[in-house]
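Text of input_8.tsv, listed as TSV, C-alpha atoms:
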chain	number	residue	atom	x	y	z
A	29	MET	CA	0.00	0.00	0.00
A	30	LYS	CA	1.31	3.43	-0.98
A	31	ILE	CA	-0.02	6.83	0.14
A	32	VAL	CA	0.60	9.80	-2.15
A	33	THR	CA	-0.05	13.49	-1.45
A	34	VAL	CA	-2.31	15.03	-4.09
A	35	GLY	CA	-2.24	18.83	-3.93
A	36	GLU	CA	-2.83	20.52	-0.58
A	37	ASP	CA	-6.01	18.77	0.50
A	38	ALA	CA	-6.01	15.15	-0.67
A	39	LEU	CA	-4.24	11.86	-0.11
A	40	LEU	CA	-4.37	8.93	-2.53
A	41	VAL	CA	-4.10	5.43	-1.05
A	42	GLU	CA	-2.92	3.05	-3.77
A	43	PHE	CA	-3.05	-0.74	-3.63
A	44	GLU	CA	-1.71	-3.24	-6.18
A	45	PRO	CA	-1.55	-1.95	-9.78
A	46	GLU	CA	-4.25	-4.27	-11.10
A	47	ILE	CA	-8.02	-4.47	-11.45
A	48	SER	CA	-9.32	-7.47	-9.55
A	49	PRO	CA	-12.07	-8.35	-7.06
A	50	ASP	CA	-9.51	-8.93	-4.30
A	51	VAL	CA	-7.80	-5.56	-4.71
A	52	ASN	CA	-11.11	-3.76	-4.99
A	53	ALA	CA	-12.33	-5.49	-1.81
A	54	ARG	CA	-9.30	-4.06	0.03
A	55	VAL	CA	-10.22	-0.58	-1.21
A	56	ARG	CA	-13.83	-1.01	-0.11
A	57	ARG	CA	-12.84	-2.39	3.31
A	58	LEU	CA	-10.66	0.64	3.99
A	59	ALA	CA	-13.40	3.00	2.78
A	60	PHE	CA	-15.98	1.20	4.94
A	61	ALA	CA	-13.69	1.35	7.98
A	62	LEU	CA	-13.16	5.08	7.51
A	63	GLU	CA	-16.90	5.64	7.11
A	64	ARG	CA	-17.59	3.88	10.41
A	65	ASN	CA	-14.81	5.74	12.22
A	66	PRO	CA	-14.14	9.02	10.38
A	67	LEU	CA	-10.76	10.65	10.81
A	68	ALA	CA	-10.73	14.23	12.09
A	69	GLY	CA	-10.47	16.69	9.22
A	70	VAL	CA	-11.40	14.23	6.46
A	71	ARG	CA	-14.18	15.64	4.28
A	72	GLU	CA	-14.78	12.82	1.80
A	73	THR	CA	-13.52	9.40	0.71
A	74	VAL	CA	-13.79	8.28	-2.93
A	75	PRO	CA	-13.11	4.60	-3.70
A	76	ALA	CA	-11.96	3.55	-7.17
A	77	TYR	CA	-10.80	0.28	-8.76
A	78	ARG	CA	-7.50	0.02	-6.88
A	79	SER	CA	-7.22	3.21	-4.85
A	80	LEU	CA	-8.97	5.42	-2.34
A	81	MET	CA	-8.87	9.21	-2.43
A	82	LEU	CA	-9.30	11.12	0.85
A	83	TYR	CA	-10.10	14.82	0.76
A	84	PHE	CA	-9.33	16.70	3.96
A	85	ASP	CA	-9.34	20.18	5.45
A	86	PRO	CA	-5.69	21.32	5.41
A	87	PHE	CA	-6.42	23.68	8.31
A	88	ALA	CA	-7.76	20.82	10.45
A	89	ALA	CA	-5.38	17.96	9.66
A	90	GLU	CA	-1.74	17.39	8.80
A	91	PRO	CA	-1.03	14.99	5.89
A	92	SER	CA	1.66	13.16	7.87
A	93	ASP	CA	-0.70	12.59	10.80
A	94	LEU	CA	-3.47	11.41	8.48
A	95	GLU	CA	-1.11	9.02	6.72
A	96	ALA	CA	-0.18	7.39	10.03
A	97	GLN	CA	-3.86	7.07	10.99
A	98	ILE	CA	-4.79	5.63	7.58
A	99	ARG	CA	-2.08	3.00	7.86
A	100	ALA	CA	-3.31	2.05	11.31
A	101	VAL	CA	-6.89	1.68	10.05
A	102	ALA	CA	-5.75	-0.28	7.00
A	103	ALA	CA	-3.80	-2.71	9.19
A	104	SER	CA	-7.02	-3.81	10.89
A	105	ALA	CA	-9.40	-3.38	7.93
A	106	SER	CA	-8.70	-6.87	6.56
A	107	ASN	CA	-10.86	-8.27	9.37
A	108	ILE	CA	-13.86	-6.10	8.52
A	109	ALA	CA	-16.91	-7.81	7.03
A	110	LEU	CA	-18.24	-5.79	4.11
A	111	PRO	CA	-22.00	-5.29	3.68
A	112	GLU	CA	-23.57	-8.15	1.76
A	113	PRO	CA	-23.87	-7.27	-1.93
A	114	ARG	CA	-27.31	-6.31	-3.16
A	115	VAL	CA	-28.49	-7.63	-6.53
A	116	TYR	CA	-30.20	-5.40	-9.10
A	117	ARG	CA	-31.98	-7.17	-11.97
A	118	ILE	CA	-32.28	-4.62	-14.80
A	119	PRO	CA	-34.56	-5.56	-17.75
A	120	THR	CA	-32.69	-5.00	-21.02
A	121	VAL	CA	-33.61	-5.19	-24.71
A	122	TYR	CA	-30.73	-6.29	-26.94
A	123	GLY	CA	-29.75	-5.74	-30.56
A	124	GLY	CA	-31.23	-3.68	-33.37
A	125	GLU	CA	-31.38	0.05	-32.70
A	126	PHE	CA	-30.78	-0.63	-29.00
A	127	GLY	CA	-27.55	-2.59	-29.50
A	128	PRO	CA	-25.64	-1.13	-32.47
A	129	ASP	CA	-22.49	-3.16	-31.77
A	130	LEU	CA	-24.11	-6.54	-31.08
A	131	ASN	CA	-23.33	-8.00	-34.51
A	132	ASP	CA	-19.71	-6.83	-34.39
A	133	LEU	CA	-19.33	-8.38	-30.94
A	134	ALA	CA	-20.78	-11.63	-32.24
A	135	ALA	CA	-18.35	-11.65	-35.18
A	136	HIS	CA	-15.46	-10.90	-32.83
A	137	ALA	CA	-16.49	-13.76	-30.53
A	138	GLY	CA	-17.18	-16.11	-33.46
A	139	THR	CA	-20.67	-16.86	-32.23
A	140	PRO	CA	-24.26	-15.91	-33.21
A	141	PRO	CA	-25.71	-12.70	-31.72
A	142	GLU	CA	-28.19	-14.80	-29.73
A	143	ALA	CA	-25.28	-16.55	-28.01
A	144	VAL	CA	-23.71	-13.19	-27.10
A	145	ILE	CA	-27.00	-12.05	-25.59
A	146	ALA	CA	-27.35	-15.30	-23.65
A	147	ALA	CA	-23.78	-15.13	-22.33
A	148	PHE	CA	-23.92	-11.47	-21.32
A	149	SER	CA	-27.43	-11.45	-19.87
A	150	SER	CA	-26.90	-14.53	-17.69
A	151	HIS	CA	-23.89	-13.05	-15.87
A	152	ARG	CA	-23.66	-10.91	-12.72
A	153	TYR	CA	-21.46	-7.83	-12.86
A	154	PRO	CA	-19.92	-6.37	-9.68
A	155	ILE	CA	-19.75	-2.61	-9.25
A	156	TYR	CA	-16.11	-1.67	-8.71
A	157	CYS	CA	-16.72	2.05	-8.26
A	158	LEU	CA	-19.03	4.98	-9.05
A	159	GLY	CA	-17.72	8.03	-10.80
A	160	PHE	CA	-16.93	10.00	-13.92
A	161	LEU	CA	-20.34	11.31	-15.00
A	162	CYS	CA	-23.52	11.23	-12.91
A	163	CYS	CA	-22.48	8.30	-10.70
A	164	LEU	CA	-21.71	5.98	-13.60
A	165	ALA	CA	-21.28	2.45	-12.23
A	166	TYR	CA	-18.08	0.81	-13.47
A	167	LEU	CA	-18.79	-2.92	-13.73
A	168	GLY	CA	-16.32	-5.78	-14.05
A	169	GLY	CA	-16.43	-9.46	-14.85
A	170	VAL	CA	-17.35	-9.47	-18.56
A	171	PRO	CA	-16.95	-13.06	-19.81
A	172	GLU	CA	-13.57	-13.54	-21.49
A	173	ARG	CA	-15.03	-14.62	-24.83
A	174	LEU	CA	-17.04	-11.40	-25.12
A	175	ARG	CA	-14.19	-8.99	-24.45
A	176	MET	CA	-13.53	-6.56	-27.29
A	177	PRO	CA	-11.52	-3.32	-27.41
A	178	ARG	CA	-13.18	0.09	-27.40
A	179	LEU	CA	-14.16	1.76	-30.65
A	180	ALA	CA	-11.30	3.57	-32.38
A	181	THR	CA	-13.56	6.63	-32.69
A	182	PRO	CA	-16.12	7.14	-29.88
A	183	ARG	CA	-19.73	7.89	-30.73
A	184	THR	CA	-20.70	11.46	-29.91
A	185	ARG	CA	-23.87	10.42	-28.09
A	186	LEU	CA	-25.52	7.28	-26.74
A	187	PRO	CA	-28.93	7.39	-24.99
A	188	ALA	CA	-29.33	6.91	-21.27
A	189	GLY	CA	-29.66	3.27	-20.32
A	190	SER	CA	-27.35	1.99	-23.05
A	191	VAL	CA	-25.59	-1.21	-21.97
A	192	GLY	CA	-22.05	-1.60	-23.25
A	193	ILE	CA	-18.73	-3.35	-22.77
A	194	ALA	CA	-15.06	-2.63	-23.44
A	195	GLY	CA	-12.51	-5.27	-22.53
A	196	GLY	CA	-13.45	-6.66	-19.13
A	197	GLN	CA	-15.55	-3.63	-18.18
A	198	ALA	CA	-19.27	-3.00	-18.61
A	199	VAL	CA	-21.43	0.09	-18.11
A	200	ILE	CA	-25.06	1.18	-18.14
A	201	LEU	CA	-25.11	4.85	-19.06
A	202	PRO	CA	-26.92	7.02	-16.47
A	203	ILE	CA	-27.53	9.84	-18.98
A	204	GLY	CA	-27.09	10.41	-22.69
A	205	GLN	CA	-23.39	10.92	-23.35
A	206	PRO	CA	-20.45	10.20	-25.68
A	207	SER	CA	-18.82	6.79	-25.38
A	208	GLY	CA	-16.31	4.51	-27.04
A	209	PHE	CA	-17.69	1.31	-25.52
A	210	ARG	CA	-19.41	-1.38	-27.62
A	211	TYR	CA	-23.15	-1.35	-27.00
A	212	LEU	CA	-25.30	-4.48	-26.95
A	213	GLY	CA	-28.62	-3.23	-25.61
A	214	ARG	CA	-30.57	-0.72	-23.60
A	215	THR	CA	-32.65	-0.50	-20.46
A	216	PHE	CA	-35.37	2.07	-19.82
A	217	VAL	CA	-34.87	1.95	-16.05
A	218	LYS	CA	-33.92	5.35	-14.63
A	219	MET	CA	-30.34	4.69	-13.51
A	220	TYR	CA	-29.73	8.17	-12.09
A	221	ASP	CA	-32.02	10.74	-10.48
A	222	PRO	CA	-30.44	13.97	-9.14
A	223	ALA	CA	-33.68	14.78	-7.32
A	224	ARG	CA	-33.14	11.80	-5.02
A	225	PHE	CA	-30.53	11.14	-2.37
A	226	PRO	CA	-28.51	9.24	-3.12
A	227	PRO	CA	-29.04	9.79	-6.87
A	228	VAL	CA	-27.92	6.19	-7.43
A	229	PRO	CA	-28.90	3.68	-4.71
A	230	ALA	CA	-26.32	1.06	-5.71
A	231	ARG	CA	-22.88	1.07	-4.10
A	232	PRO	CA	-19.51	-0.51	-4.89
A	233	GLY	CA	-19.69	-4.25	-4.28
A	234	ASP	CA	-23.32	-4.57	-5.41
A	235	LEU	CA	-24.17	-6.67	-8.45
A	236	PHE	CA	-26.03	-5.87	-11.68
A	237	GLU	CA	-27.83	-8.40	-13.85
A	238	CYS	CA	-29.18	-7.45	-17.29
A	239	PRO	CA	-31.74	-10.15	-18.24
A	240	ALA	CA	-32.94	-10.09	-21.85
A	241	VAL	CA	-36.56	-9.01	-22.35
A	242	SER	CA	-38.68	-7.87	-25.29
A	243	GLU	CA	-38.82	-4.21	-26.29
A	244	LYS	CA	-42.39	-4.04	-24.97
A	245	ALA	CA	-41.35	-5.45	-21.58
A	246	ALA	CA	-38.33	-3.15	-21.42
A	247	ARG	CA	-40.43	-0.06	-22.13
A	248	GLU	CA	-42.78	-0.95	-19.27
A	249	TRP	CA	-39.89	0.07	-17.00
A	250	GLU	CA	-39.52	3.52	-18.54
A	251	GLY	CA	-39.17	6.14	-15.81
A	252	ARG	CA	-39.04	3.59	-12.99
A	253	HIS	CA	-36.07	3.89	-10.64
A	254	LEU	CA	-33.15	1.56	-10.12
A	255	GLU	CA	-34.19	0.68	-6.56
A	256	GLU	CA	-37.26	-1.04	-8.03
A	257	CYS	CA	-34.89	-3.50	-9.69
A	258	GLU	CA	-33.38	-4.64	-6.39
A	259	VAL	CA	-34.15	-8.31	-5.79
A	260	GLY	CA	-32.42	-8.60	-2.42
A	261	SER	CA	-28.96	-9.65	-1.34
A	262	VAL	CA	-26.82	-12.39	-2.81
A	263	SER	CA	-28.12	-14.86	-0.24
A	264	ASP	CA	-31.73	-13.94	-1.13
A	265	SER	CA	-31.28	-14.48	-4.85
Here is the file; what I need is its structure written in the form of structure tokens.
Amino acid sequence: MKIVTVGEDALLVEFEPEISPDVNARVRRLAFALERNPLAGVRETVPAYRSLMLYFDPFAAEPSDLEAQIRAVAASASNIALPEPRVYRIPTVYGGEFGPDLNDLAAHAGTPPEAVIAAFSSHRYPIYCLGFLCCLAYLGGVPERLRMPRLATPRTRLPAGSVGIAGGQAVILPIGQPSGFRYLGRTFVKMYDPARFPPVPARPGDLFECPAVSEKAAREWEGRHLEECEVGSVSDS
């Protein structure tokens, strides 16, 4: 574990230089420990794939003191039990106008589009972190045979709810935005609502499923919120 000073009011805690469930669990354990027992002067903690950023008040805390406290918390964080992951089952329509890259993904994988849909929609994707734009959930665990590089030239706009992959990552866009991912389908569930707190109910460690449904069934979810897709914890489902 390495702790780096970032400007005058932030510290970055870095773990191993890889994206993996084990490394991300270490990040989340430290973040969870610091949430339960906040350090004096710390304003916010932001977990990512393999690191944790801590923003602090430079008039209320010294970086060297915070570093020592962070290391002490991290030393005991390995024994912390994380909250049980919640499962969100998000109805998704695949292909056609909703999945402009489905056929290219199928050709890349050497399998029919229906097999790509079956493989992707039957898998659970862990949330590694929330960030970038409007609490975008960065998902991992895309099946190896479906992994394909990003587009060489990103599209200038994809609609909210678009479901895409790039390499081992997957995303469901919270708003309409540019993207270089490869898109297989779309959900009409409202993934992000700034009028609610939190605007996204899911948290790192939770799991997304994207079961395949008809366009009619997908549209029945239009405007409904992500929390309505929660089907319980891992043990419940």
Notebook entry, point to check: What is the distance, in Å and to one decimal place, between atom CA of A:Gly196 and atom CA of A:Pro222?
Noted result: 28.5 Å
Determine, using all atoms listed in the file, which residues of stretch 37-62 of chain A have any atom at most 10 Å from an atom of stretch 70-75 of chain A, and tabulate each with its shortest atom pair and distance in Å to one decimal place, rows ordered by chain and then rising number, as a Markdown table.
| residue | atom | partner | partner_atom | distance |
| --- | --- | --- | --- | --- |
| A:Asp37 | CA | A:Val70 | CA | 9.2 |
| A:Ala38 | CA | A:Val70 | CA | 9.0 |
| A:Leu39 | CA | A:Thr73 | CA | 9.6 |
| A:Leu40 | CA | A:Val74 | CA | 9.5 |
| A:Val41 | CA | A:Pro75 | CA | 9.4 |
| A:Asn52 | CA | A:Pro75 | CA | 8.7 |
| A:Val55 | CA | A:Pro75 | CA | 6.4 |
| A:Arg56 | CA | A:Pro75 | CA | 6.7 |
| A:Arg57 | CA | A:Pro75 | CA | 9.9 |
| A:Leu58 | CA | A:Pro75 | CA | 9.0 |
| A:Ala59 | CA | A:Pro75 | CA | 6.7 |
| A:Phe60 | CA | A:Thr73 | CA | 9.5 |
| A:Leu62 | CA | A:Thr73 | CA | 8.1 |
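For the pair atom CA of A:Ala134 and atom CA of A:Gly213, the interatomic distance is 13.3 Å.
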Next item on the list: Considering all atoms listed in the file, return as a PyMOL selection string whatever protein or nucleic-acid residues lie within 7 Å of A:Tyr77, sequence-local ones (same chain, fewer than 3 positions apart) excluded.
Entry: chain A and resi 47+52+156-157
Next item on the list: Excluding A:Val115 and residues on its chain fewer than 3 positions from it, collect all residues at most 6 Å away from it, counting only C-alpha atoms, and give them as a list of chain:residue names.
Entry: A:Leu235, A:Phe236, A:Glu258, A:Val259, A:Gly260, A:Ser261
For stretch 210-233 of chain A, write N, CA and C atoms out as an mmCIF file, in the first residue's frame.
data_model
loop_
_atom_site.group_PDB
_atom_site.id
_atom_site.type_symbol
_atom_site.label_atom_id
_atom_site.label_comp_id
_atom_site.auth_asym_id
_atom_site.auth_seq_id
_atom_site.Cartn_x
_atom_site.Cartn_y
_atom_site.Cartn_z
ATOM 1 N N ARG A 210 -18.600 -0.639 -26.648
ATOM 2 C CA ARG A 210 -19.412 -1.380 -27.616
ATOM 3 C C ARG A 210 -20.763 -1.680 -26.960
ATOM 4 N N TYR A 211 -21.836 -1.286 -27.641
ATOM 5 C CA TYR A 211 -23.151 -1.352 -26.997
ATOM 6 C C TYR A 211 -23.997 -2.492 -27.558
ATOM 7 N N LEU A 212 -24.516 -3.291 -26.603
ATOM 8 C CA LEU A 212 -25.296 -4.479 -26.948
ATOM 9 C C LEU A 212 -26.791 -4.264 -26.808
ATOM 10 N N GLY A 213 -27.201 -3.367 -25.898
ATOM 11 C CA GLY A 213 -28.617 -3.234 -25.607
ATOM 12 C C GLY A 213 -28.912 -1.967 -24.842
ATOM 13 N N ARG A 214 -30.138 -1.922 -24.329
ATOM 14 C CA ARG A 214 -30.566 -0.719 -23.604
ATOM 15 C C ARG A 214 -31.633 -1.085 -22.585
ATOM 16 N N THR A 215 -31.582 -0.411 -21.453
ATOM 17 C CA THR A 215 -32.646 -0.498 -20.461
ATOM 18 C C THR A 215 -33.346 0.853 -20.383
ATOM 19 N N PHE A 216 -34.620 0.822 -19.987
ATOM 20 C CA PHE A 216 -35.369 2.067 -19.818
ATOM 21 C C PHE A 216 -35.530 2.416 -18.339
ATOM 22 N N VAL A 217 -34.887 1.636 -17.477
ATOM 23 C CA VAL A 217 -34.869 1.952 -16.051
ATOM 24 C C VAL A 217 -34.105 3.262 -15.848
ATOM 25 N N LYS A 218 -34.589 4.092 -14.939
ATOM 26 C CA LYS A 218 -33.915 5.354 -14.630
ATOM 27 C C LYS A 218 -32.745 5.053 -13.710
ATOM 28 N N MET A 219 -31.533 5.077 -14.260
ATOM 29 C CA MET A 219 -30.345 4.689 -13.513
ATOM 30 C C MET A 219 -29.853 5.796 -12.570
ATOM 31 N N TYR A 220 -30.263 7.027 -12.845
ATOM 32 C CA TYR A 220 -29.727 8.168 -12.094
ATOM 33 C C TYR A 220 -30.828 9.202 -11.937
ATOM 34 N N ASP A 221 -31.000 9.723 -10.722
ATOM 35 C CA ASP A 221 -32.016 10.740 -10.478
ATOM 36 C C ASP A 221 -31.450 11.776 -9.512
ATOM 37 N N PRO A 222 -31.051 12.959 -10.017
ATOM 38 C CA PRO A 222 -30.437 13.972 -9.143
ATOM 39 C C PRO A 222 -31.403 14.544 -8.113
ATOM 40 N N ALA A 223 -32.698 14.277 -8.288
ATOM 41 C CA ALA A 223 -33.676 14.782 -7.319
ATOM 42 C C ALA A 223 -33.776 13.884 -6.095
ATOM 43 N N ARG A 224 -33.104 12.737 -6.144
ATOM 44 C CA ARG A 224 -33.135 11.799 -5.020
ATOM 45 C C ARG A 224 -31.785 11.761 -4.332
ATOM 46 N N PHE A 225 -31.798 11.325 -3.086
ATOM 47 C CA PHE A 225 -30.532 11.135 -2.372
ATOM 48 C C PHE A 225 -30.520 9.746 -1.736
ATOM 49 N N PRO A 226 -29.522 8.930 -2.107
ATOM 50 C CA PRO A 226 -28.515 9.240 -3.124
ATOM 51 C C PRO A 226 -29.103 9.151 -4.527
ATOM 52 N N PRO A 227 -28.498 9.828 -5.502
ATOM 53 C CA PRO A 227 -29.041 9.792 -6.865
ATOM 54 C C PRO A 227 -28.948 8.417 -7.510
ATOM 55 N N VAL A 228 -28.026 7.590 -7.014
ATOM 56 C CA VAL A 228 -27.924 6.189 -7.428
ATOM 57 C C VAL A 228 -27.895 5.348 -6.156
ATOM 58 N N PRO A 229 -28.851 4.440 -5.963
ATOM 59 C CA PRO A 229 -28.896 3.683 -4.709
ATOM 60 C C PRO A 229 -27.832 2.600 -4.602
ATOM 61 N N ALA A 230 -27.326 2.121 -5.739
ATOM 62 C CA ALA A 230 -26.323 1.056 -5.711
ATOM 63 C C ALA A 230 -24.994 1.589 -5.190
ATOM 64 N N ARG A 231 -24.180 0.694 -4.655
ATOM 65 C CA ARG A 231 -22.884 1.070 -4.102
ATOM 66 C C ARG A 231 -21.832 0.069 -4.580
ATOM 67 N N PRO A 232 -20.554 0.437 -4.518
ATOM 68 C CA PRO A 232 -19.508 -0.515 -4.891
ATOM 69 C C PRO A 232 -19.650 -1.836 -4.127
ATOM 70 N N GLY A 233 -19.513 -2.924 -4.862
ATOM 71 C CA GLY A 233 -19.692 -4.251 -4.282
ATOM 72 C C GLY A 233 -21.023 -4.871 -4.640
#
